[in-house]
file structure.txt (compact mmCIF, C-alpha atoms)
# COMPACT_ATOMS: atom_id res chain seq x y z
CA MET A 1 80.73 114.33 118.36
CA ASN A 2 83.47 114.13 120.96
CA PHE A 3 86.69 112.13 120.73
CA GLU A 4 85.67 109.45 123.23
CA GLN A 5 82.38 108.80 121.41
CA LEU A 6 84.20 108.50 118.06
CA ILE A 7 86.62 105.96 119.53
CA GLU A 8 83.73 104.01 121.04
CA ASP A 9 81.95 104.00 117.66
CA LEU A 10 85.16 102.95 115.89
CA LYS A 11 85.55 99.97 118.20
CA LYS A 12 81.97 98.83 118.80
CA GLY A 13 79.61 100.48 116.33
CA THR A 14 77.94 98.98 113.30
CA GLY A 15 80.01 98.85 110.11
CA MET A 16 78.55 102.18 109.01
CA LYS A 17 79.21 103.80 112.40
CA ARG A 18 82.79 102.47 112.46
CA ALA A 19 83.44 103.83 108.97
CA GLU A 20 81.96 107.23 109.85
CA ALA A 21 83.94 107.38 113.09
CA ALA A 22 87.17 106.68 111.18
CA LYS A 23 86.35 109.44 108.72
CA HIS A 24 85.73 111.96 111.51
CA LEU A 25 88.83 110.91 113.45
CA GLY A 26 90.95 111.83 110.45
CA LYS A 27 89.61 115.36 110.53
CA ILE A 28 89.90 116.21 114.23
CA ASN A 29 93.70 116.46 114.39
CA ASP A 30 94.01 114.50 117.63
CA MET A 31 96.96 112.13 117.60
CA ARG A 32 95.38 109.99 120.32
CA ALA A 33 93.35 108.55 117.45
CA VAL A 34 96.37 106.96 115.77
CA LYS A 35 96.59 103.78 117.88
CA PRO A 36 92.87 102.89 117.62
CA LEU A 37 92.91 103.71 113.91
CA VAL A 38 95.92 101.47 113.30
CA GLU A 39 94.10 98.68 115.15
CA ALA A 40 91.06 99.30 112.93
CA LEU A 41 93.14 98.57 109.81
CA GLN A 42 92.30 94.94 110.69
CA ASP A 43 88.53 95.56 110.65
CA THR A 44 86.47 93.05 108.69
CA ASN A 45 84.55 95.84 106.96
CA MET A 46 86.18 97.17 103.78
CA GLY A 47 84.60 100.62 104.22
CA VAL A 48 86.09 100.93 107.69
CA ARG A 49 89.59 99.94 106.51
CA ASN A 50 89.29 102.32 103.58
CA ASN A 51 88.35 105.29 105.80
CA VAL A 52 90.95 104.34 108.40
CA ALA A 53 93.80 104.34 105.86
CA PHE A 54 92.81 107.76 104.57
CA ALA A 55 92.31 109.12 108.11
CA LEU A 56 95.84 108.10 109.06
CA GLY A 57 97.14 110.10 106.12
CA GLU A 58 95.02 113.10 107.06
CA LEU A 59 96.33 112.97 110.63
CA GLY A 60 99.93 112.91 109.46
CA ALA A 61 100.43 109.69 111.42
CA ARG A 62 103.97 108.77 110.37
CA GLU A 63 104.06 105.96 112.95
CA ALA A 64 101.35 104.24 110.88
CA ILE A 65 103.59 103.99 107.79
CA PRO A 66 104.61 100.32 108.29
CA HIS A 67 100.96 99.37 108.81
CA LEU A 68 99.87 101.30 105.71
CA ILE A 69 102.59 99.58 103.67
CA LYS A 70 101.21 96.18 104.78
CA VAL A 71 97.73 97.28 103.72
CA LEU A 72 99.02 98.60 100.39
CA LEU A 73 100.66 95.29 99.57
CA GLY A 74 98.22 92.87 101.16
CA ASP A 75 94.64 94.05 101.57
CA PRO A 76 92.26 92.05 99.36
CA GLU A 77 90.17 95.15 98.51
CA GLU A 78 91.43 97.54 95.85
CA TRP A 79 89.70 100.56 97.44
CA VAL A 80 91.61 99.97 100.66
CA ARG A 81 94.93 99.53 98.85
CA LYS A 82 94.22 102.75 96.94
CA SER A 83 93.57 104.64 100.17
CA ALA A 84 96.76 103.24 101.70
CA ALA A 85 98.75 104.43 98.67
CA LYS A 86 97.14 107.85 98.93
CA ALA A 87 97.87 108.07 102.67
CA LEU A 88 101.53 107.16 102.11
CA GLY A 89 101.78 110.02 99.63
CA MET A 90 100.10 112.40 102.06
CA LEU A 91 102.66 111.37 104.66
CA GLY A 92 105.55 111.96 102.25
CA SER A 93 106.83 108.53 103.17
CA ARG A 94 110.30 107.97 101.65
CA GLU A 95 110.39 104.51 103.21
CA ALA A 96 107.28 103.61 101.20
CA VAL A 97 108.74 104.50 97.78
CA SER A 98 109.89 100.97 96.93
CA HIS A 99 106.51 99.59 98.03
CA LEU A 100 104.64 102.20 96.00
CA ALA A 101 106.83 101.22 93.04
CA LYS A 102 105.60 97.62 93.50
CA ALA A 103 102.03 98.95 93.64
CA LEU A 104 102.55 100.40 90.14
CA LYS A 105 102.08 96.78 89.05
CA ASP A 106 98.97 96.13 91.18
CA GLN A 107 96.14 94.35 89.38
CA SER A 108 93.89 97.36 90.05
CA GLN A 109 94.27 100.41 87.85
CA MET A 110 93.01 102.70 90.61
CA VAL A 111 95.74 101.42 92.95
CA ARG A 112 98.37 101.92 90.24
CA LYS A 113 97.11 105.47 89.64
CA SER A 114 97.15 106.30 93.34
CA ALA A 115 100.66 104.86 93.69
CA ALA A 116 101.87 107.02 90.79
CA ARG A 117 100.30 110.13 92.30
CA SER A 118 101.86 109.38 95.68
CA LEU A 119 105.30 108.83 94.17
CA GLY A 120 104.92 112.27 92.59
CA GLN A 121 104.07 113.75 95.97
CA ILE A 122 107.03 112.11 97.67
CA GLY A 123 109.61 112.81 95.00
CA GLY A 124 113.26 111.86 95.01
CA ILE A 125 115.41 109.84 92.68
CA GLN A 126 113.83 106.45 93.52
CA ALA A 127 110.33 107.84 92.91
CA VAL A 128 111.38 109.26 89.53
CA GLN A 129 112.97 105.95 88.54
CA ALA A 130 109.80 104.07 89.50
CA LEU A 131 107.54 106.48 87.62
CA ARG A 132 109.65 106.07 84.49
CA THR A 133 108.86 102.34 84.45
CA VAL A 134 105.12 102.86 83.85
CA SER A 135 104.10 101.50 80.48
CA SER A 136 102.31 103.72 77.98
CA LEU A 137 99.97 100.75 77.40
CA ASP A 138 98.45 101.54 80.80
CA SER A 139 97.14 104.89 79.56
CA LEU A 140 95.52 106.36 82.69
CA VAL A 141 98.38 105.35 84.96
CA PHE A 142 100.91 106.49 82.33
CA ARG A 143 99.22 109.90 82.24
CA MET A 144 99.33 110.12 86.05
CA ALA A 145 103.01 109.10 86.06
CA LYS A 146 103.76 111.69 83.37
CA GLU A 147 101.99 114.42 85.40
CA ALA A 148 103.91 113.36 88.51
CA LEU A 149 107.23 113.51 86.62
CA GLU A 150 106.35 116.96 85.25
CA LYS A 151 105.56 118.17 88.77
CA LEU A 152 108.82 116.76 90.06
CA LYS A 153 110.77 118.62 87.36
CA THR A 154 109.49 121.90 88.76
CA ASP A 155 110.04 120.94 92.40
CA THR A 156 113.42 120.81 94.03
CA PHE A 157 114.44 117.25 94.87
CA LYS A 158 114.43 116.60 98.56
CA GLU A 159 117.41 114.24 98.41
call {"tool": "encode", "arguments": {"input": "structure.txt", "output": "structure tokens"}}
result
Amino acid sequence: MNFEQLIEDLKKGTGMKRAEAAKHLGKINDMRAVKPLVEALQDTNMGVRNNVAFALGELGAREAIPHLIKVLLGDPEEWVRKSAAKALGMLGSREAVSHLAKALKDQSQMVRKSAARSLGQIGGIQAVQALRTVSSLDSLVFRMAKEALEKLKTDTFKE
């Protein structure tokens, strides 16, 4: 499928077509897709927003970071918030660290886990401090935070 057709599907297709188009746009490494993908973060379909968030991370779309932070903190669907957290980690977004730290307290365990993983990918003193706040009572997230901290011990801090 060509770029123009994917953009057309993203804007005007059925929910399934929009979601598939977003998925493919993340894989084609064409930065012209960033603007339409950012616009699609407002889509009414949860599957579309989920694929869009991940696609922006795959594309390395750093200009989408503020939009992904809004999604992380405000989307009603946990799957979409999880994908936003993952994308922010993929982007290595230092400016998202404080927001990912807030997401460690999200009502959804999968969002908390994704936030912990992303903090481990980003690294730095603020990320380490946030990861150290995870309670052992939240066993899966605690394990993810512990793994992230272990990884960060072996990596050189970027700050």
call {"tool": "closest_residue", "arguments": {"input": "structure.txt", "among": "A:Pro36, A:Pro66, A:Pro76, A:Gly57", "to": "A:Leu88", "atoms": "all atoms listed in the file"}}
result
A:Gly57
call {"tool": "residues_around", "arguments": {"input": "structure.txt", "residues": "A:Asn45", "least_positions_apart": "4", "cutoff": "9 Å", "atoms": "all atoms listed in the file", "output": "PyMOL selection string"}}
result
chain A and resi 15-16+18-19+49-50
call {"tool": "residues_around", "arguments": {"input": "structure.txt", "residues": "A:Thr133", "least_positions_apart": "3", "cutoff": "9 Å", "atoms": "all atoms listed in the file", "output": "PyMOL selection string"}}
result
chain A and resi 101+104+128-130
call {"tool": "write_last_selection", "arguments": {"input": "structure.txt", "atoms": "C-alpha atoms", "output": "mmCIF file, keeping the file's coordinate frame"}}
result
data_model
loop_
_atom_site.group_PDB
_atom_site.id
_atom_site.type_symbol
_atom_site.label_atom_id
_atom_site.label_comp_id
_atom_site.auth_asym_id
_atom_site.auth_seq_id
_atom_site.Cartn_x
_atom_site.Cartn_y
_atom_site.Cartn_z
ATOM 1 C CA ALA A 101 106.830 101.220 93.040
ATOM 2 C CA LEU A 104 102.550 100.400 90.140
ATOM 3 C CA VAL A 128 111.380 109.260 89.530
ATOM 4 C CA GLN A 129 112.970 105.950 88.540
ATOM 5 C CA ALA A 130 109.800 104.070 89.500
#
call {"tool": "residues_near_point", "arguments": {"input": "structure.txt", "point": "(101.0, 101.0, 103.8)", "cutoff": "8 Å", "atoms": "only C-alpha atoms", "output": "list in words"}}
result
Ala64, Ile65, Pro66, His67, Leu68, Ile69, Lys70, Val71, Leu72, Leu73, Arg81, Ala84, Ala85, Ala87, Leu88 and Ala96 of chain A
call {"tool": "residues_near_point", "arguments": {"input": "structure.txt", "point": "(88.7, 112.6, 115.5)", "cutoff": "8 Å", "atoms": "all atoms listed in the file", "output": "number ranges by chain"}}
result
A: 2-3, 6, 21-30, 33
call {"tool": "build_atoms", "arguments": {"input": "structure.txt", "residues": "stretch 71-89 of chain A", "atoms": "N, CA and C atoms", "output": "mmCIF file, in the frame of the given file"}}
result
data_model
loop_
_atom_site.group_PDB
_atom_site.id
_atom_site.type_symbol
_atom_site.label_atom_id
_atom_site.label_comp_id
_atom_site.auth_asym_id
_atom_site.auth_seq_id
_atom_site.Cartn_x
_atom_site.Cartn_y
_atom_site.Cartn_z
ATOM 1 N N VAL A 71 99.049 97.189 104.348
ATOM 2 C CA VAL A 71 97.730 97.280 103.720
ATOM 3 C C VAL A 71 97.884 97.471 102.210
ATOM 4 N N LEU A 72 98.789 98.349 101.811
ATOM 5 C CA LEU A 72 99.020 98.600 100.390
ATOM 6 C C LEU A 72 99.360 97.314 99.647
ATOM 7 N N LEU A 73 100.175 96.495 100.256
ATOM 8 C CA LEU A 73 100.660 95.290 99.570
ATOM 9 C C LEU A 73 99.802 94.053 99.816
ATOM 10 N N GLY A 74 98.898 94.112 100.824
ATOM 11 C CA GLY A 74 98.220 92.870 101.160
ATOM 12 C C GLY A 74 96.718 92.892 101.330
ATOM 13 N N ASP A 75 96.097 94.055 101.359
ATOM 14 C CA ASP A 75 94.640 94.050 101.570
ATOM 15 C C ASP A 75 93.957 93.476 100.331
ATOM 16 N N PRO A 76 92.941 92.640 100.513
ATOM 17 C CA PRO A 76 92.260 92.050 99.360
ATOM 18 C C PRO A 76 91.396 93.050 98.574
ATOM 19 N N GLU A 77 91.077 94.182 99.165
ATOM 20 C CA GLU A 77 90.170 95.150 98.510
ATOM 21 C C GLU A 77 90.955 96.292 97.865
ATOM 22 N N GLU A 78 90.703 96.508 96.581
ATOM 23 C CA GLU A 78 91.430 97.540 95.850
ATOM 24 C C GLU A 78 91.186 98.941 96.411
ATOM 25 N N TRP A 79 89.991 99.224 96.889
ATOM 26 C CA TRP A 79 89.700 100.560 97.440
ATOM 27 C C TRP A 79 90.563 100.832 98.664
ATOM 28 N N VAL A 80 90.790 99.819 99.455
ATOM 29 C CA VAL A 80 91.610 99.970 100.660
ATOM 30 C C VAL A 80 93.070 100.153 100.274
ATOM 31 N N ARG A 81 93.552 99.366 99.311
ATOM 32 C CA ARG A 81 94.930 99.530 98.850
ATOM 33 C C ARG A 81 95.140 100.917 98.253
ATOM 34 N N LYS A 82 94.141 101.400 97.519
ATOM 35 C CA LYS A 82 94.220 102.750 96.940
ATOM 36 C C LYS A 82 94.331 103.801 98.033
ATOM 37 N N SER A 83 93.529 103.674 99.071
ATOM 38 C CA SER A 83 93.570 104.640 100.170
ATOM 39 C C SER A 83 94.904 104.577 100.921
ATOM 40 N N ALA A 84 95.452 103.379 101.058
ATOM 41 C CA ALA A 84 96.760 103.240 101.700
ATOM 42 C C ALA A 84 97.835 103.942 100.869
ATOM 43 N N ALA A 85 97.781 103.759 99.548
ATOM 44 C CA ALA A 85 98.750 104.430 98.670
ATOM 45 C C ALA A 85 98.612 105.946 98.803
ATOM 46 N N LYS A 86 97.388 106.408 98.808
ATOM 47 C CA LYS A 86 97.140 107.850 98.930
ATOM 48 C C LYS A 86 97.671 108.385 100.275
ATOM 49 N N ALA A 87 97.408 107.648 101.349
ATOM 50 C CA ALA A 87 97.870 108.070 102.670
ATOM 51 C C ALA A 87 99.394 108.130 102.728
ATOM 52 N N LEU A 88 100.064 107.162 102.112
ATOM 53 C CA LEU A 88 101.530 107.160 102.110
ATOM 54 C C LEU A 88 102.069 108.384 101.372
ATOM 55 N N GLY A 89 101.386 108.792 100.318
ATOM 56 C CA GLY A 89 101.780 110.020 99.630
ATOM 57 C C GLY A 89 101.536 111.243 100.484
#
